[in-house]
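Take a look at the structure set out below.
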Amino acid sequence: MPDFEPKIVAFVCTWCTYAGADLAGTSRMQYPPNVRVLKFPCTGRIDPVFILRAFQKGADGVLVSGCHPGDCHYMAGNFHARRRFAAFRALLDFVGVDLNRLQFSWVSAAEGGKWVEVVTELTERVRTMGPMPEFKELEHEELWSTFAGAAGGKSAVLNSPELKEAYDSIG
Amino acid sequence: MSRIGVFVCHCGENISRTVDVERVAKAAGEIPGVAFSCDYKYMCSDPGQSLLKKAVAEHKLDGVLVAACSPRMHEKTFRKATESAGLNPYLCEMANIREHCSWVHEDREKATEKATDIVKLMVERVRKGKSLAPITVPVTKRALVIGGGIAGIQAALDIADAGHRVVLVERDPSIGGHMAQLSETFPTLDCSQCIMTPKMVDVANHPNITLYTYAEIEKVDGYIGNFQVTVKHKARSVDQSKCTGCGVCMTKCPKKKIPNEFDQGHGMRPAIYVPFPQAVPNTPVIDRENCTMFQSGKCGVCAKVCGPGAVDYEQQDSFTVEDVGAIVVATGFKLYTIDRKPDDSPIQGYGEFGYGTIPDVIDGLTFERLASASGPTGGKILRPSDGKEPKQVVFIQCVGSRAREKGISYCSKVCCMYTAKHTMLYHHKVHDGQAYVFFMDARTPGKGYDEFWRRAVEEEEAVYIRGMVSRMYQKGDKIVVMGSDIQVGVQVEIEADLVVLATAVQAQDGADLLAQKLGISYDKYNFYSEAHAKLKPVECATAGIYLAGACQGPKDIPDTVSQASAAAAKVMTLFAKDQLERDPVVAKVNEKYCVGCFACKKVCAYGAIEEKEIRDRQGNLVKKVAYVNPGVCGGCGTCQATCPSKSIELDGYTDEQIMAMIESL
Ligand SMILES: Cc1cc2nc3c(=O)[nH]c(=O)nc-3n(C[C@H](O)[C@H](O)[C@H](O)COP(=O)(O)OP(=O)(O)OC[C@H]3O[C@@H](n4cnc5c(N)ncnc54)[C@H](O)[C@@H]3O)c2cc1C
Ligand code: SF4
Ligand code: SF4
């Protein structure tokens, strides 16, 4: 599969990794253009559902990166994230996702070089693995998630009007 | 948002060299909901900003995306421009196509494609964005300082000198803390009392400082700018407004043989007492547990001799509520007491040292009192057991510190220096005496510190033995100290007259309880945690609370004073404004969905989440829900990712926004 260009989605925190990626830019380092960055205040904000959704929407690899343990701008957000993702990885492993597609890393605001390394490594690794079709197919299945089910099977927006209505009817 | 404007910047050639900006602008124009798009050489320049403002007006835009450099560079600039165009500033976002694209890729085709993707992604963010109102909270310009050691004194004086009112709360009957107990201080050997007592008097006389001694914090409510603190005033049994501080009661009190805490139990005091002669305030307190009047109802001598009739046996604990805008915590440290009094700490003792059983094995603070001119021996080095002058003194460093197996892994920082000081003081006072020091390392970073240590070794003839002590026992009137010299590789045995242990510096008793009242975090040793080890060393993660001195970790006086002044500066910065304005990226609870599981409360490192009761019209409790205090929330969003019912949401990073962005991939 020589022409395969993997799609990599990166969920990063503002304070460390986003700034680290900025530094890679100001230092004019070079890395593959496959990555699309979504900025969060903190890795603590990242819901595992986002990762699933990214895979479903076409990502072949996902990177989650934040401040080093102990350096969190919000004190402990990355610890919560770390714990959450440890469980989440085990779950993904259980359902048969190749964990090589999902990378967690700590990249600080001073580590422009590390950002380049992490992104390059993941891109090249996923390139050799080829596209990831499994989750994309799932999009058409009605029971992808109960939320999506409530929203008519189309979108997994978690607070859709339909969902709100459902909640309201409960009381 | 359905009328979004996209502005693509060339950044001179920084972007346009590798990204075809015209194509990006054109592609942006085709995204549904984008009503206007263009490219421009320098968006951040004056004409660039005018272009933005004009477009907002002309095309009735309701959302703005500037595709240019990093938002860390110019987000403020463009949000301001958007605001002056009459839109809410939070409806403006930036797509980073410079640092994250043009500067890191060479392939023009791929870079253009990526830039277009980034714009698409960010358009979704703008589309789902909401107007946010800046959060303002009023500030009460009055500070609370907890703890009246040198840290609390310095912080209180600095804030008060800046013209703000300060309440200083000290647990003991007098301010002064540990520094008041010291004899002379490294690295200059100036007399501690001489530099300390004037500051104590300044506190007492300062028109802006309200001093509460023999008082403790009972309860803390509120948040930055608006704390309500309940202070418990322990019953002194002496009316402070009447007492003149003449001290007659102390001289007449028949119960005189109570070990004085200030002298580490080596001097005596009466039941009605001030801890030391220079105490501030000099109003005595009655130690009720040792007072005959309180124990058996007989005596009453002090009340009879007191001219102004200040003694009041009926006095009760009382409480006041103080409104303050900022809090400085300066509660200091305590010394590791090894076996003398079993404390509930997980730290195991040093039974092999015989501390507590051999009277002439003392700790560093006791040595300070023996060396102090105002101490129990009048400044003569005399050992506790028989009052003889010791001719051989062994000092042992790192007792408790850096001993992971005993429960403390950290370095207590001051012991190397004060032990060197002790050997000097000893040498100055007992010319024919010999000091030995068992040490692991000599850690002397600090201005003039290594020079000071060298002086102890080279000029004052202290014998430093690198090694550990394995055992000590009493033999006649000597203490046999057995250890090893690892440098020479031999066993050493010294018959000492006095042994001084440099025991570890530990967090103050009750430090954890106070932290829980304040809602600040502490480490596993109960030292208080700063918000950031490097960049926010005096701020607590809880907004409006600052740290000073040894309560944060072992510190010497210069470091303590620096931190206290820094904490005071932070308080003054806070007080420079009447209203606090803060970024409105805070979490909000949807009370309808919230099931009151409080999973969010557990993960919130800021303590921003409270429990709120929802009642019906009759006042019956319907349910409990979470409530986020916007003044306290740090905006990390951890609660949102944790909430199992998706009922808490971080403004600016809603699930709707993020999902829409992912959809666009
Ligand atoms: C033996 C020895 C010798 C030393 N020699 C030197 C030296 O020569 N030079 C040098 O630079 N440093 C020296 N130090 C270090 C010095 O003592 C400390 O740096 C300094 O005392 C720290 O000041 P602080 O105000 O932070 O704490 P502290 O002095 O401990 O003061 C804390 C104050 O807070 C009060 N407090 C505690 N809890 C509460 C509460 N819950 N509510 C209200 N009040 C409370 C306490 O009663 C106390 O008054 C020495 C230390 C030791 C142990
Ligand atoms: S009542 Fe007696 S013992 Fe108590 S303080 Fe007064 S004089 Fe001393
Ligand atoms: S966003 Fe962070 S700081 Fe704010 S309430 Fe949630 S967990 Fe606490």
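As shown in the structure tokens, the chain order sets the letters A, B, ...; within each chain, residues go from 1, and ligands are also counted from 1 in the order they appear.
Around Pro48 in chain A, within 10 Å and counting only C-alpha atoms, the residues found are Leu52, Arg53, Ala54, Ala81, Arg84, Phe85, Ala87, Phe88 and Arg89 of chain A; Ala641 of chain B, once anything fewer than 4 positions away on its own chain is removed.
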Report task. Using DSSP on the backbone coordinates, identify the residues of range 568-663 of chain B assigned to alpha helix (DSSP H); present them as a VMD selection string. Result -> chain B and resid 568 to 575 599 to 603 638 to 642 655 to 663
Requested in this report: Identify, on the basis of only C-alpha atoms, every residue whose closest approach to Ile408 in chain B does not exceed 8 Å; exclude the query and any residue fewer than 5 positions from it along the same chain; express the result as a list in words.
Outcome: Ile347, Gly400, Ser401, Arg402, Ala403 and Tyr525 of chain B
Query raised in the report: Taking the backbone alone, and naming residues the way the document does, which bits of range 69-108 of chain B are strand (DSSP E or B) by DSSP, as a list in words?
Result: Cys92, Glu93, Met94, Ala95 and Asn96 of chain B
Based on the selection just made, write N, CA, C and O atoms of those residues as an mmCIF file, in the first residue's frame.
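Okay, this is what ended up in out28.cif:
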data_model
loop_
_atom_site.group_PDB
_atom_site.id
_atom_site.type_symbol
_atom_site.label_atom_id
_atom_site.label_comp_id
_atom_site.auth_asym_id
_atom_site.auth_seq_id
_atom_site.Cartn_x
_atom_site.Cartn_y
_atom_site.Cartn_z
ATOM 1 N N CYS B 92 -14.687 34.556 18.519
ATOM 2 C CA CYS B 92 -13.532 34.599 17.607
ATOM 3 C C CYS B 92 -12.533 33.510 17.988
ATOM 4 O O CYS B 92 -12.199 33.339 19.154
ATOM 5 N N GLU B 93 -12.107 32.739 17.000
ATOM 6 C CA GLU B 93 -11.123 31.682 17.224
ATOM 7 C C GLU B 93 -10.002 31.828 16.206
ATOM 8 O O GLU B 93 -10.130 32.552 15.228
ATOM 9 N N MET B 94 -8.918 31.110 16.464
ATOM 10 C CA MET B 94 -7.810 31.129 15.503
ATOM 11 C C MET B 94 -7.500 29.720 15.013
ATOM 12 O O MET B 94 -7.536 28.764 15.782
ATOM 13 N N ALA B 95 -7.191 29.622 13.735
ATOM 14 C CA ALA B 95 -6.705 28.362 13.162
ATOM 15 C C ALA B 95 -5.202 28.524 12.979
ATOM 16 O O ALA B 95 -4.754 29.453 12.303
ATOM 17 N N ASN B 96 -4.463 27.631 13.573
ATOM 18 C CA ASN B 96 -3.005 27.764 13.576
ATOM 19 C C ASN B 96 -2.421 27.131 12.304
ATOM 20 O O ASN B 96 -2.167 25.935 12.262
#
Query - Expected selection as a PyMOL selection string for ligand 2 within 8 Å, only C-alpha atoms and all ligand atoms - result: chain B and resi 249-250+252-255+270-272+286-288+290-294+298-303
Export of the given selection (N, CA, C and O atoms) as a CSV table (one decimal), in the first residue's frame:
chain,number,residue,atom,x,y,z
B,249,CYS,N,1.5,38.7,88.3
B,249,CYS,CA,0.9,37.4,88.5
B,249,CYS,C,1.9,36.3,88.3
B,249,CYS,O,1.9,35.3,89.1
B,250,MET,N,2.8,36.5,87.3
B,250,MET,CA,3.7,35.4,87.1
B,250,MET,C,4.7,35.2,88.2
B,250,MET,O,5.1,34.1,88.5
B,252,LYS,N,4.1,35.9,91.3
B,252,LYS,CA,3.4,35.5,92.5
B,252,LYS,C,2.8,34.1,92.4
B,252,LYS,O,2.4,33.5,93.4
B,253,CYS,N,2.6,33.6,91.2
B,253,CYS,CA,2.0,32.3,91.0
B,253,CYS,C,2.8,31.2,91.8
B,253,CYS,O,4.0,31.0,91.6
B,254,PRO,N,2.1,30.5,92.7
B,254,PRO,CA,2.9,29.5,93.5
B,254,PRO,C,3.3,28.2,92.7
B,254,PRO,O,4.1,27.5,93.2
B,255,LYS,N,2.7,28.0,91.6
B,255,LYS,CA,3.0,26.8,90.8
B,255,LYS,C,4.0,27.2,89.8
B,255,LYS,O,3.7,27.7,88.7
B,270,PRO,N,5.8,29.4,85.4
B,270,PRO,CA,4.6,29.3,86.3
B,270,PRO,C,3.3,28.9,85.4
B,270,PRO,O,3.4,28.8,84.2
B,271,ALA,N,2.2,28.7,86.1
B,271,ALA,CA,1.0,28.3,85.5
B,271,ALA,C,0.4,29.5,84.7
B,271,ALA,O,-0.3,29.3,83.7
B,272,ILE,N,0.6,30.7,85.2
B,272,ILE,CA,0.2,31.9,84.4
B,272,ILE,C,1.5,32.4,83.8
B,272,ILE,O,2.4,32.7,84.5
B,286,ILE,N,-3.3,31.6,81.2
B,286,ILE,CA,-3.3,30.6,82.3
B,286,ILE,C,-3.3,29.2,81.6
B,286,ILE,O,-4.2,28.9,80.8
B,287,ASP,N,-2.3,28.4,81.9
B,287,ASP,CA,-2.3,27.0,81.5
B,287,ASP,C,-3.2,26.2,82.4
B,287,ASP,O,-2.8,25.9,83.5
B,288,ARG,N,-4.4,26.0,82.0
B,288,ARG,CA,-5.5,25.5,82.8
B,288,ARG,C,-5.2,24.1,83.4
B,288,ARG,O,-5.6,23.8,84.5
B,290,ASN,N,-2.5,23.0,84.3
B,290,ASN,CA,-1.5,23.0,85.4
B,290,ASN,C,-1.8,24.0,86.5
B,290,ASN,O,-1.1,24.2,87.5
B,291,CYS,N,-3.0,24.7,86.4
B,291,CYS,CA,-3.3,25.7,87.3
B,291,CYS,C,-4.1,25.1,88.5
B,291,CYS,O,-5.1,24.4,88.3
B,292,THR,N,-3.7,25.4,89.7
B,292,THR,CA,-4.4,24.9,90.9
B,292,THR,C,-5.8,25.3,91.0
B,292,THR,O,-6.7,24.6,91.3
B,293,MET,N,-6.0,26.6,90.6
B,293,MET,CA,-7.4,27.1,90.6
B,293,MET,C,-8.3,26.3,89.8
B,293,MET,O,-9.4,26.0,90.1
B,294,PHE,N,-7.8,26.0,88.6
B,294,PHE,CA,-8.7,25.3,87.6
B,294,PHE,C,-8.8,23.8,88.0
B,294,PHE,O,-9.8,23.1,87.8
B,298,LYS,N,-8.9,26.0,94.3
B,298,LYS,CA,-8.2,26.7,95.4
B,298,LYS,C,-7.0,27.5,94.8
B,298,LYS,O,-6.3,27.0,94.0
B,299,CYS,N,-6.7,28.6,95.4
B,299,CYS,CA,-5.6,29.5,95.0
B,299,CYS,C,-6.1,30.9,94.6
B,299,CYS,O,-6.4,31.6,95.5
B,300,GLY,N,-6.2,31.2,93.3
B,300,GLY,CA,-6.7,32.5,93.0
B,300,GLY,C,-5.8,33.6,93.3
B,300,GLY,O,-6.1,34.8,93.3
B,301,VAL,N,-4.5,33.3,93.5
B,301,VAL,CA,-3.5,34.3,93.8
B,301,VAL,C,-3.4,35.4,92.7
B,301,VAL,O,-3.4,36.6,93.0
B,302,CYS,N,-3.3,34.9,91.5
B,302,CYS,CA,-3.0,35.9,90.4
B,302,CYS,C,-4.2,36.9,90.3
B,302,CYS,O,-3.9,38.1,90.1
B,303,ALA,N,-5.4,36.5,90.5
B,303,ALA,CA,-6.5,37.4,90.4
B,303,ALA,C,-6.4,38.5,91.5
B,303,ALA,O,-6.7,39.6,91.3
